[in-house]
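Novice: Sharing my_file18.pdb here; it has PDB, C-alpha atoms.
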ATOM      1  CA  MET A   1    -192.891  34.816 159.654
ATOM      2  CA  ALA A   2    -190.917  31.628 159.309
ATOM      3  CA  SER A   3    -193.222  29.851 161.713
ATOM      4  CA  ARG A   4    -196.320  30.805 159.715
ATOM      5  CA  ILE A   5    -195.053  29.463 156.402
ATOM      6  CA  ARG A   6    -194.298  25.819 156.992
ATOM      7  CA  VAL A   7    -191.520  24.451 154.843
ATOM      8  CA  VAL A   8    -190.643  20.774 155.066
ATOM      9  CA  LEU A   9    -187.088  20.385 153.889
ATOM     10  CA  ARG A  10    -187.135  16.597 153.649
ATOM     11  CA  PRO A  11    -186.865  16.409 149.854
ATOM     12  CA  VAL A  12    -184.122  19.068 149.806
ATOM     13  CA  LYS A  13    -180.456  18.129 149.574
ATOM     14  CA  SER A  14    -178.811  21.559 149.781
ATOM     15  CA  ILE A  15    -179.587  25.260 149.670
ATOM     16  CA  VAL A  16    -177.019  27.832 148.569
ATOM     17  CA  VAL A  17    -177.882  31.499 149.088
ATOM     18  CA  ARG A  18    -175.654  33.802 147.072
ATOM     19  CA  PHE A  19    -175.754  37.570 147.544
ATOM     20  CA  CYS A  20    -173.656  40.698 147.548
ATOM     21  CA  PRO A  21    -174.317  42.532 150.831
ATOM     22  CA  PHE A  22    -173.273  45.955 149.534
ATOM     23  CA  GLU A  23    -176.129  45.963 146.995
ATOM     24  CA  SER A  24    -179.501  47.426 147.891
ATOM     25  CA  ASN A  25    -181.771  44.620 146.607
ATOM     26  CA  VAL A  26    -180.660  41.858 148.964
ATOM     27  CA  GLU A  27    -183.022  42.415 151.883
ATOM     28  CA  SER A  28    -185.530  39.712 150.967
ATOM     29  CA  THR A  29    -182.784  37.188 150.201
ATOM     30  CA  ARG A  30    -181.072  37.833 153.522
ATOM     31  CA  THR A  31    -184.375  37.509 155.391
ATOM     32  CA  PHE A  32    -185.008  34.265 153.488
ATOM     33  CA  LEU A  33    -181.628  32.963 154.671
ATOM     34  CA  GLN A  34    -182.509  33.946 158.221
ATOM     35  CA  CYS A  35    -185.883  32.151 158.050
ATOM     36  CA  ILE A  36    -184.373  29.024 156.498
ATOM     37  CA  ASN A  37    -181.968  28.810 159.430
ATOM     38  CA  HIS A  38    -184.830  28.834 161.918
ATOM     39  CA  LYS A  39    -184.778  25.787 164.186
ATOM     40  CA  ARG A  40    -188.287  24.650 163.234
ATOM     41  CA  ILE A  41    -187.452  24.450 159.558
ATOM     42  CA  GLN A  42    -183.983  23.029 160.199
ATOM     43  CA  ALA A  43    -185.531  20.352 162.397
ATOM     44  CA  THR A  44    -187.475  18.930 159.422
ATOM     45  CA  ASN A  45    -184.217  17.785 157.808
ATOM     46  CA  ARG A  46    -180.911  17.799 159.676
ATOM     47  CA  ASN A  47    -179.023  16.594 156.605
ATOM     48  CA  CYS A  48    -179.940  19.596 154.488
ATOM     49  CA  GLU A  49    -176.887  21.805 154.017
ATOM     50  CA  VAL A  50    -177.661  25.504 154.065
ATOM     51  CA  SER A  51    -174.734  27.665 153.036
ATOM     52  CA  ALA A  52    -174.318  31.353 152.314
ATOM     53  CA  ASP A  53    -172.048  32.576 149.530
ATOM     54  CA  VAL A  54    -171.112  36.193 150.229
ATOM     55  CA  ARG A  55    -169.584  38.000 147.250
ATOM     56  CA  HIS A  56    -168.730  41.534 146.246
ATOM     57  CA  ASP A  57    -169.173  41.502 142.472
ATOM     58  CA  GLY A  58    -172.504  43.281 142.016
ATOM     59  CA  SER A  59    -174.206  40.012 141.092
ATOM     60  CA  GLU A  60    -177.925  39.467 141.683
ATOM     61  CA  PRO A  61    -179.040  37.719 144.844
ATOM     62  CA  LEU A  62    -179.748  34.061 144.124
ATOM     63  CA  VAL A  63    -181.187  31.082 145.982
ATOM     64  CA  ASP A  64    -180.129  27.727 144.546
ATOM     65  CA  VAL A  65    -182.076  24.747 145.911
ATOM     66  CA  MET A  66    -180.950  21.236 145.032
ATOM     67  CA  PHE A  67    -183.555  18.516 145.633
ATOM     68  CA  ALA A  68    -182.801  14.900 146.445
ATOM     69  CA  ASP A  69    -184.329  13.678 143.164
ATOM     70  CA  GLY A  70    -181.964  15.860 141.126
ATOM     71  CA  GLU A  71    -184.355  18.738 140.466
ATOM     72  CA  ARG A  72    -183.021  22.242 140.890
ATOM     73  CA  LEU A  73    -184.885  25.416 141.860
ATOM     74  CA  ILE A  74    -183.232  28.766 141.240
ATOM     75  CA  MET A  75    -184.903  31.851 142.683
ATOM     76  CA  LYS A  76    -183.596  35.289 141.790
ATOM     77  CA  GLY A  77    -184.383  37.316 144.885
ATOM     78  CA  ALA A  78    -183.855  40.820 143.515
ATOM     79  CA  ASN A  79    -187.569  41.425 142.882
ATOM     80  CA  LEU A  80    -189.133  38.772 145.109
ATOM     81  CA  THR A  81    -190.319  39.077 148.681
ATOM     82  CA  THR A  82    -189.293  36.638 151.383
ATOM     83  CA  ALA A  83    -192.824  35.279 151.717
ATOM     84  CA  GLU A  84    -193.028  34.565 147.995
ATOM     85  CA  MET A  85    -189.734  32.666 148.059
ATOM     86  CA  LEU A  86    -190.748  30.681 151.122
ATOM     87  CA  THR A  87    -194.180  29.781 149.705
ATOM     88  CA  ALA A  88    -192.633  28.753 146.371
ATOM     89  CA  LEU A  89    -190.140  26.493 148.122
ATOM     90  CA  GLY A  90    -192.786  25.217 150.537
ATOM     91  CA  SER A  91    -195.274  24.332 147.809
ATOM     92  CA  ARG A  92    -192.644  22.415 145.804
ATOM     93  CA  CYS A  93    -191.481  20.549 148.906
ATOM     94  CA  ASN A  94    -195.078  19.601 149.786
ATOM     95  CA  ALA A  95    -195.728  18.379 146.254
ATOM     96  CA  LYS A  96    -192.632  16.178 146.379
ATOM     97  CA  GLU A  97    -193.613  14.865 149.809
ATOM     98  CA  LEU A  98    -197.053  13.893 148.495
ATOM     99  CA  LYS A  99    -195.513  12.128 145.502
ATOM    100  CA  ALA A 100    -193.147  10.247 147.764
ATOM    101  CA  GLU A 101    -196.010   9.211 150.077
ATOM    102  CA  GLN A 102    -198.105   8.013 147.164
ATOM    103  CA  LYS A 103    -195.167   5.987 145.823
ATOM    104  CA  SER A 104    -194.583   4.421 149.206
ATOM    105  CA  LYS A 105    -198.302   3.550 149.484
ATOM    106  CA  LYS A 106    -198.268   1.932 146.044
ATOM    107  CA  ASN A 107    -195.158  -0.086 146.833
ATOM    108  CA  PRO A 108    -195.576  -1.351 150.392
TER
ATOM    109  CA  MET B   1    -240.114  76.008 161.319
ATOM    110  CA  ALA B   2    -237.067  73.760 161.082
ATOM    111  CA  VAL B   3    -234.893  76.847 161.494
ATOM    112  CA  THR B   4    -236.111  77.291 165.071
ATOM    113  CA  GLU B   5    -235.590  73.633 165.993
ATOM    114  CA  TYR B   6    -233.225  73.098 168.851
ATOM    115  CA  ILE B   7    -229.931  71.599 167.697
ATOM    116  CA  ALA B   8    -228.030  70.190 170.645
ATOM    117  CA  PRO B   9    -224.357  71.189 170.721
ATOM    118  CA  ARG B  10    -221.787  68.473 170.068
ATOM    119  CA  PRO B  11    -220.406  67.010 173.284
ATOM    120  CA  ALA B  12    -216.874  68.224 174.047
ATOM    121  CA  VAL B  13    -213.954  65.903 173.557
ATOM    122  CA  PRO B  14    -213.548  63.941 176.791
ATOM    123  CA  GLU B  15    -210.455  64.842 178.805
ATOM    124  CA  ARG B  16    -209.174  61.274 178.561
ATOM    125  CA  CYS B  17    -207.984  61.955 175.054
ATOM    126  CA  LEU B  18    -205.715  64.883 175.870
ATOM    127  CA  PRO B  19    -203.592  63.332 178.662
ATOM    128  CA  ALA B  20    -203.047  60.256 176.471
ATOM    129  CA  LYS B  21    -201.213  62.414 173.914
ATOM    130  CA  ARG B  22    -198.956  63.780 176.654
ATOM    131  CA  LYS B  23    -198.185  60.224 177.817
ATOM    132  CA  ALA B  24    -197.173  59.229 174.279
ATOM    133  CA  GLU B  25    -194.823  62.230 174.182
ATOM    134  CA  GLU B  26    -193.293  61.201 177.501
ATOM    135  CA  GLU B  27    -192.794  57.670 176.229
ATOM    136  CA  GLU B  28    -191.156  59.053 173.111
ATOM    137  CA  GLU B  29    -188.803  61.110 175.255
ATOM    138  CA  GLU B  30    -187.895  58.053 177.341
ATOM    139  CA  GLU B  31    -187.275  55.971 174.240
ATOM    140  CA  TYR B  32    -185.346  58.863 172.781
ATOM    141  CA  GLY B  33    -183.144  58.814 175.892
ATOM    142  CA  TYR B  34    -182.485  55.074 175.631
ATOM    143  CA  ALA B  35    -181.958  55.328 171.902
ATOM    144  CA  ARG B  36    -179.503  58.167 172.512
ATOM    145  CA  LEU B  37    -177.584  55.980 174.966
ATOM    146  CA  LEU B  38    -177.443  53.113 172.477
ATOM    147  CA  ARG B  39    -176.309  55.457 169.720
ATOM    148  CA  ARG B  40    -173.572  56.828 171.950
ATOM    149  CA  GLN B  41    -172.438  53.287 172.694
ATOM    150  CA  VAL B  42    -172.288  52.489 168.971
ATOM    151  CA  GLU B  43    -170.275  55.657 168.276
ATOM    152  CA  GLU B  44    -167.873  54.654 171.055
ATOM    153  CA  VAL B  45    -167.504  51.188 169.552
ATOM    154  CA  PHE B  46    -166.555  52.649 166.175
ATOM    155  CA  ARG B  47    -164.149  55.102 167.801
ATOM    156  CA  ASN B  48    -162.277  52.746 170.119
ATOM    157  CA  ASN B  49    -161.862  49.651 167.989
ATOM    158  CA  ARG B  50    -159.504  49.098 165.091
ATOM    159  CA  MET B  51    -161.492  46.213 163.665
ATOM    160  CA  VAL B  52    -165.289  46.101 163.384
ATOM    161  CA  ALA B  53    -166.640  43.118 161.427
ATOM    162  CA  VAL B  54    -170.314  43.014 160.385
ATOM    163  CA  CYS B  55    -171.882  39.558 160.266
ATOM    164  CA  GLN B  56    -175.373  38.312 159.523
ATOM    165  CA  TYR B  57    -176.778  36.472 162.506
ATOM    166  CA  ASN B  58    -179.066  33.542 161.767
ATOM    167  CA  SER B  59    -180.604  31.908 164.812
ATOM    168  CA  MET B  60    -178.297  29.429 166.474
ATOM    169  CA  PRO B  61    -178.503  27.327 169.644
ATOM    170  CA  GLY B  62    -177.503  29.064 172.856
ATOM    171  CA  GLU B  63    -174.579  26.751 173.658
ATOM    172  CA  ASP B  64    -173.013  27.333 170.225
ATOM    173  CA  MET B  65    -173.381  31.068 170.787
ATOM    174  CA  VAL B  66    -171.646  30.861 174.166
ATOM    175  CA  LEU B  67    -168.817  28.753 172.708
ATOM    176  CA  MET B  68    -168.332  31.158 169.815
ATOM    177  CA  ARG B  69    -168.212  34.139 172.177
ATOM    178  CA  TYR B  70    -165.689  32.280 174.348
ATOM    179  CA  TYR B  71    -163.330  31.460 171.459
ATOM    180  CA  LEU B  72    -163.542  35.000 170.112
ATOM    181  CA  ARG B  73    -162.922  36.520 173.567
ATOM    182  CA  LYS B  74    -159.702  34.499 173.744
ATOM    183  CA  HIS B  75    -158.466  36.646 170.830
ATOM    184  CA  ASN B  76    -159.812  39.843 172.423
ATOM    185  CA  ILE B  77    -162.777  40.036 170.003
ATOM    186  CA  GLU B  78    -166.126  41.058 171.500
ATOM    187  CA  VAL B  79    -169.534  40.184 170.097
ATOM    188  CA  LYS B  80    -172.094  42.993 170.083
ATOM    189  CA  PHE B  81    -175.719  42.763 169.025
ATOM    190  CA  VAL B  82    -176.959  45.855 167.211
ATOM    191  CA  LEU B  83    -180.340  47.202 166.223
ATOM    192  CA  ASN B  84    -180.588  48.533 162.686
ATOM    193  CA  GLU B  85    -182.706  51.527 163.706
ATOM    194  CA  ILE B  86    -179.970  52.624 166.121
ATOM    195  CA  ILE B  87    -176.965  52.084 163.932
ATOM    196  CA  ARG B  88    -178.339  53.453 160.661
ATOM    197  CA  PRO B  89    -178.578  57.095 161.819
ATOM    198  CA  VAL B  90    -175.130  56.830 163.440
ATOM    199  CA  LEU B  91    -173.531  55.571 160.226
ATOM    200  CA  SER B  92    -175.349  58.015 157.958
ATOM    201  CA  GLN B  93    -173.835  60.900 159.925
ATOM    202  CA  SER B  94    -170.346  59.424 160.125
ATOM    203  CA  ARG B  95    -167.922  58.832 157.247
ATOM    204  CA  TYR B  96    -168.818  55.122 157.010
ATOM    205  CA  LYS B  97    -171.902  55.699 154.864
ATOM    206  CA  ASN B  98    -170.919  52.852 152.545
ATOM    207  CA  LEU B  99    -171.562  50.360 155.338
ATOM    208  CA  LEU B 100    -175.270  51.336 155.413
ATOM    209  CA  PRO B 101    -176.514  48.656 152.944
ATOM    210  CA  LEU B 102    -175.094  45.936 155.212
ATOM    211  CA  PHE B 103    -177.484  46.717 158.050
ATOM    212  CA  VAL B 104    -180.592  44.888 156.902
ATOM    213  CA  SER B 105    -182.148  42.052 158.954
ATOM    214  CA  ARG B 106    -180.367  40.742 162.041
ATOM    215  CA  ASN B 107    -176.681  41.573 162.404
ATOM    216  CA  ILE B 108    -173.923  41.311 164.962
ATOM    217  CA  LEU B 109    -170.679  43.239 165.239
ATOM    218  CA  LEU B 110    -167.380  41.582 166.090
ATOM    219  CA  VAL B 111    -165.198  44.344 167.506
ATOM    220  CA  SER B 112    -161.593  44.300 168.582
ATOM    221  CA  PRO B 113    -158.854  46.824 169.339
ATOM    222  CA  GLU B 114    -156.450  44.522 167.471
ATOM    223  CA  THR B 115    -156.740  43.250 163.892
ATOM    224  CA  LYS B 116    -156.627  39.478 164.282
ATOM    225  CA  ALA B 117    -158.466  38.632 161.100
ATOM    226  CA  LYS B 118    -157.001  35.128 160.683
ATOM    227  CA  GLU B 119    -158.156  33.947 164.094
ATOM    228  CA  MET B 120    -161.583  35.501 163.593
ATOM    229  CA  LEU B 121    -162.037  33.735 160.253
ATOM    230  CA  ARG B 122    -160.948  30.441 161.791
ATOM    231  CA  VAL B 123    -163.591  30.694 164.528
ATOM    232  CA  LEU B 124    -166.305  31.783 162.080
ATOM    233  CA  LYS B 125    -165.526  28.817 159.816
ATOM    234  CA  GLY B 126    -166.781  26.564 162.561
ATOM    235  CA  VAL B 127    -170.024  28.547 162.905
ATOM    236  CA  PRO B 128    -172.112  28.273 159.714
ATOM    237  CA  GLN B 129    -174.984  30.339 161.109
ATOM    238  CA  VAL B 130    -172.891  33.534 161.263
ATOM    239  CA  ASN B 131    -171.982  34.898 157.831
ATOM    240  CA  LEU B 132    -169.265  37.536 157.535
ATOM    241  CA  LEU B 133    -170.495  40.347 155.285
ATOM    242  CA  GLY B 134    -167.768  42.962 155.550
ATOM    243  CA  ALA B 135    -165.452  44.719 157.947
ATOM    244  CA  LEU B 136    -164.025  48.076 158.863
ATOM    245  CA  VAL B 137    -160.309  47.681 159.585
ATOM    246  CA  ASP B 138    -158.190  50.746 160.396
ATOM    247  CA  ASP B 139    -160.656  53.123 158.702
ATOM    248  CA  THR B 140    -160.809  50.958 155.567
ATOM    249  CA  ILE B 141    -163.994  49.212 154.473
ATOM    250  CA  LEU B 142    -163.288  45.660 153.344
ATOM    251  CA  SER B 143    -165.550  43.085 151.746
ATOM    252  CA  ARG B 144    -165.423  39.434 152.787
ATOM    253  CA  GLN B 145    -162.791  38.717 150.149
ATOM    254  CA  GLY B 146    -160.837  41.723 151.388
ATOM    255  CA  VAL B 147    -160.847  40.353 154.938
ATOM    256  CA  GLU B 148    -159.595  36.973 153.677
ATOM    257  CA  ASN B 149    -156.768  38.685 151.755
ATOM    258  CA  PHE B 150    -155.973  40.808 154.798
ATOM    259  CA  ALA B 151    -155.718  37.673 156.930
ATOM    260  CA  LYS B 152    -153.200  36.150 154.491
ATOM    261  CA  LEU B 153    -150.863  39.164 154.755
ATOM    262  CA  PRO B 154    -147.772  38.725 156.964
ATOM    263  CA  SER B 155    -147.682  40.652 160.221
ATOM    264  CA  LEU B 156    -146.559  44.279 160.256
ATOM    265  CA  GLU B 157    -143.194  43.432 161.853
ATOM    266  CA  ALA B 158    -142.467  40.749 159.268
ATOM    267  CA  SER B 159    -143.299  43.042 156.325
ATOM    268  CA  GLN B 160    -141.236  45.863 157.876
ATOM    269  CA  GLY B 161    -138.283  43.490 158.206
ATOM    270  CA  GLN B 162    -138.736  42.352 154.603
ATOM    271  CA  THR B 163    -138.781  45.966 153.323
ATOM    272  CA  LEU B 164    -135.667  46.857 155.316
ATOM    273  CA  GLY B 165    -133.886  43.787 154.015
ATOM    274  CA  THR B 166    -134.723  44.673 150.402
ATOM    275  CA  LEU B 167    -133.638  48.284 150.886
ATOM    276  CA  ALA B 168    -130.381  47.289 152.615
ATOM    277  CA  LEU B 169    -129.465  44.750 149.903
ATOM    278  CA  LEU B 170    -128.433  47.326 147.289
ATOM    279  CA  PRO B 171    -126.166  49.482 149.500
ATOM    280  CA  SER B 172    -124.444  46.340 150.775
ATOM    281  CA  GLN B 173    -123.464  45.537 147.204
ATOM    282  CA  THR B 174    -122.212  49.115 146.483
ATOM    283  CA  CYS B 175    -118.983  48.642 148.418
ATOM    284  CA  SER B 176    -118.005  45.464 146.600
ATOM    285  CA  MET B 177    -119.096  46.975 143.245
ATOM    286  CA  LEU B 178    -116.866  50.025 143.732
ATOM    287  CA  GLN B 179    -113.894  47.890 144.673
ATOM    288  CA  HIS B 180    -114.551  45.355 141.914
ATOM    289  CA  GLY B 181    -112.574  47.225 139.213
ATOM    290  CA  ALA B 182    -109.484  47.806 141.327
ATOM    291  CA  ALA B 183    -109.584  44.246 142.695
ATOM    292  CA  HIS B 184    -109.858  42.823 139.160
ATOM    293  CA  LEU B 185    -106.876  44.932 138.014
ATOM    294  CA  THR B 186    -104.849  43.812 141.033
ATOM    295  CA  ALA B 187    -105.632  40.175 140.311
ATOM    296  CA  LEU B 188    -104.679  40.533 136.660
ATOM    297  CA  LEU B 189    -101.380  42.252 137.562
ATOM    298  CA  ASP B 190    -100.649  39.562 140.139
ATOM    299  CA  GLY B 191    -101.233  36.899 137.549
ATOM    300  CA  HIS B 192     -99.001  38.739 135.062
ATOM    301  CA  ILE B 193     -96.224  39.062 137.641
ATOM    302  CA  HIS B 194     -96.423  35.343 138.411
ATOM    303  CA  GLN B 195     -96.233  34.562 134.702
ATOM    304  CA  LEU B 196     -93.194  36.822 134.257
ATOM    305  CA  GLN B 197     -91.482  35.336 137.311
ATOM    306  CA  ALA B 198     -92.168  31.839 136.087
ATOM    307  CA  GLY B 199     -90.838  32.755 132.611
ATOM    308  CA  ALA B 200     -87.709  34.454 134.086
ATOM    309  CA  GLY B 201     -87.068  31.400 136.266
ATOM    310  CA  LYS B 202     -87.151  29.118 133.212
ATOM    311  CA  THR B 203     -84.766  31.344 131.174
ATOM    312  CA  GLU B 204     -82.335  31.576 134.149
ATOM    313  CA  SER B 205     -82.071  27.837 134.673
ATOM    314  CA  PRO B 206     -81.136  27.016 131.031
ATOM    315  CA  ALA B 207     -78.797  30.130 131.084
ATOM    316  CA  GLY B 208     -77.209  28.798 134.347
ATOM    317  CA  THR B 209     -76.566  25.348 132.873
ATOM    318  CA  GLU B 210     -75.136  26.796 129.619
ATOM    319  CA  PRO B 211     -72.331  28.793 131.366
ATOM    320  CA  ALA B 212     -71.607  25.666 133.454
ATOM    321  CA  GLN B 213     -71.350  23.575 130.259
ATOM    322  CA  SER B 214     -69.254  26.275 128.518
ATOM    323  CA  SER B 215     -66.949  26.523 131.582
ATOM    324  CA  GLY B 216     -66.803  22.711 131.568
ATOM    325  CA  THR B 217     -65.826  22.569 127.887
ATOM    326  CA  GLN B 218     -63.330  25.359 128.321
TER
END
Using structure tokens, write down the structure from this file.

Specialist:
Amino acid sequence: MASRIRVVLRPVKSIVVRFCPFESNVESTRTFLQCINHKRIQATNRNCEVSADVRHDGSEPLVDVMFADGERLIMKGANLTTAEMLTALGSRCNAKELKAEQKSKKNP
Amino acid sequence: MAVTEYIAPRPAVPERCLPAKRKAEEEEEEEYGYARLLRRQVEEVFRNNRMVAVCQYNSMPGEDMVLMRYYLRKHNIEVKFVLNEIIRPVLSQSRYKNLLPLFVSRNILLVSPETKAKEMLRVLKGVPQVNLLGALVDDTILSRQGVENFAKLPSLEASQGQTLGTLALLPSQTCSMLQHGAAHLTALLDGHIHQLQAGAGKTESPAGTEPAQSSGTQ
């Protein structure tokens, strides 16, 4: 699944995945963490720090993405599927990549 | 006249279909045998090991995996890959039902007959792709925070020594406490005697000089 949804992590600075493994709504978040750690996605940006925050406080599963331009994306994984989270992240990354390319074309 | 028209009977089901069902049953029995073996292995793991840590396994390069296994083996900790469909029925029938929610997506088990939590945490700190979710230590289910607290505890021998020391402290003071009153009284009497002796000595010496003076004057 990770190979089908292409995510380019170049504009991403760090990803923190927070979840409580004893809850029952964490499956999609854990699968998201697994996909994000796939070598193909990791290869797009070696400097992106992916960390997992494992807690036991009944909190909701959360994915906190920090972009290089200061923007922040928070995805609450309790009612989302892995594919939805990956496509959301992928689409935002692609949009930022396009913006960056256009800027670099304008300013040679 | 349509009533007397010849209606050809439906062709019978070809024989190919029936043997195929039997083959599927045989395959199921074979899988059932292998699944039974795996389940037995998992039950054995839970029975023979004091510490079973459940970690999420995200894909990591082969060399890192080999290094991690090597460092853990040095502390007598084995790495076992588990399939959720095997382990879920085993856990649901055992008394570790509360571990069931952990077994979602890819997991590994770190098992050991000893409980070297500190060393395990140290090795896992260097491996970001393996996330500790929880552990079963001496029939107690611990969360990640619980494992960290468990690692900070002193060893069993040290805590036994500490308890013995605390328990022995009070009786060691009993003897001195019981003798304290009598010793205090003795000290006070000694001091009193010294005072009296010193006072008697002073009265004797002026009394000794007075008779000498009186005998001198006489």

Novice: With all atoms listed in the file considered, list every residue of chain B at most 12 Å from chain A, as a ChimeraX atom specification.

Specialist: /B:54-62,97-107,125,127-135,141-148

Novice: Residues of the last selection are to be written out with C-alpha atoms, as a JSON list (two decimals), in the frame of the given file.

Specialist:
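Listed below is the output, out_4.json:
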[["chain", "number", "residue", "atom", "x", "y", "z"],
["B", 54, "VAL", "CA", -170.31, 43.01, 160.38],
["B", 55, "CYS", "CA", -171.88, 39.56, 160.27],
["B", 56, "GLN", "CA", -175.37, 38.31, 159.52],
["B", 57, "TYR", "CA", -176.78, 36.47, 162.51],
["B", 58, "ASN", "CA", -179.07, 33.54, 161.77],
["B", 59, "SER", "CA", -180.60, 31.91, 164.81],
["B", 60, "MET", "CA", -178.30, 29.43, 166.47],
["B", 61, "PRO", "CA", -178.50, 27.33, 169.64],
["B", 62, "GLY", "CA", -177.50, 29.06, 172.86],
["B", 97, "LYS", "CA", -171.90, 55.70, 154.86],
["B", 98, "ASN", "CA", -170.92, 52.85, 152.54],
["B", 99, "LEU", "CA", -171.56, 50.36, 155.34],
["B", 100, "LEU", "CA", -175.27, 51.34, 155.41],
["B", 101, "PRO", "CA", -176.51, 48.66, 152.94],
["B", 102, "LEU", "CA", -175.09, 45.94, 155.21],
["B", 103, "PHE", "CA", -177.48, 46.72, 158.05],
["B", 104, "VAL", "CA", -180.59, 44.89, 156.90],
["B", 105, "SER", "CA", -182.15, 42.05, 158.95],
["B", 106, "ARG", "CA", -180.37, 40.74, 162.04],
["B", 107, "ASN", "CA", -176.68, 41.57, 162.40],
["B", 125, "LYS", "CA", -165.53, 28.82, 159.82],
["B", 127, "VAL", "CA", -170.02, 28.55, 162.90],
["B", 128, "PRO", "CA", -172.11, 28.27, 159.71],
["B", 129, "GLN", "CA", -174.98, 30.34, 161.11],
["B", 130, "VAL", "CA", -172.89, 33.53, 161.26],
["B", 131, "ASN", "CA", -171.98, 34.90, 157.83],
["B", 132, "LEU", "CA", -169.26, 37.54, 157.54],
["B", 133, "LEU", "CA", -170.50, 40.35, 155.28],
["B", 134, "GLY", "CA", -167.77, 42.96, 155.55],
["B", 135, "ALA", "CA", -165.45, 44.72, 157.95],
["B", 141, "ILE", "CA", -163.99, 49.21, 154.47],
["B", 142, "LEU", "CA", -163.29, 45.66, 153.34],
["B", 143, "SER", "CA", -165.55, 43.08, 151.75],
["B", 144, "ARG", "CA", -165.42, 39.43, 152.79],
["B", 145, "GLN", "CA", -162.79, 38.72, 150.15],
["B", 146, "GLY", "CA", -160.84, 41.72, 151.39],
["B", 147, "VAL", "CA", -160.85, 40.35, 154.94],
["B", 148, "GLU", "CA", -159.60, 36.97, 153.68]]

Novice: Smallest atom-to-atom distance to Glu97 in chain A: which of A:Ala68, A:Val16, A:Val63, A:Ala43, using all atoms listed in the file?

Specialist: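 Result for the nearest residue to Glu97 in chain A: A:Ala68.
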
Novice: When you look at range 42-46 of chain B with a cut-off of 8 Å (counting all atoms listed in the file), what residues show up, excluding the ones that are within fewer than 6 positions of it in the same chain? I need them as a ChimeraX atom specification.

Specialist: /B:52,87,90,111

Novice: Go ahead and save the picked residues with C-alpha atoms, as a short mmCIF file (atom, residue, chain, number, x, y, z; two decimals), in the coordinates of the input.

Specialist:
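For reference, again_8.cif as written:
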data_model
loop_
_atom_site.label_atom_id
_atom_site.label_comp_id
_atom_site.auth_asym_id
_atom_site.auth_seq_id
_atom_site.Cartn_x
_atom_site.Cartn_y
_atom_site.Cartn_z
CA VAL B 52 -165.29 46.10 163.38
CA ILE B 87 -176.96 52.08 163.93
CA VAL B 90 -175.13 56.83 163.44
CA VAL B 111 -165.20 44.34 167.51
#

Novice: State, in Å with one decimal place, the distance from CA of Gln93 in chain B to CA of Tyr32 in chain B.

Specialist: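 Value for the CA of Gln93 in chain B-CA of Tyr32 in chain B distance: 17.4 Å.
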
Novice: Translate the PyMOL selection byres ((chain B and resi 73) around 12), as applied to the file shown, into an explicit residue set as a PyMOL selection string.

Specialist: chain B and resi 66-72+74-80+110-114+116+119-120+123
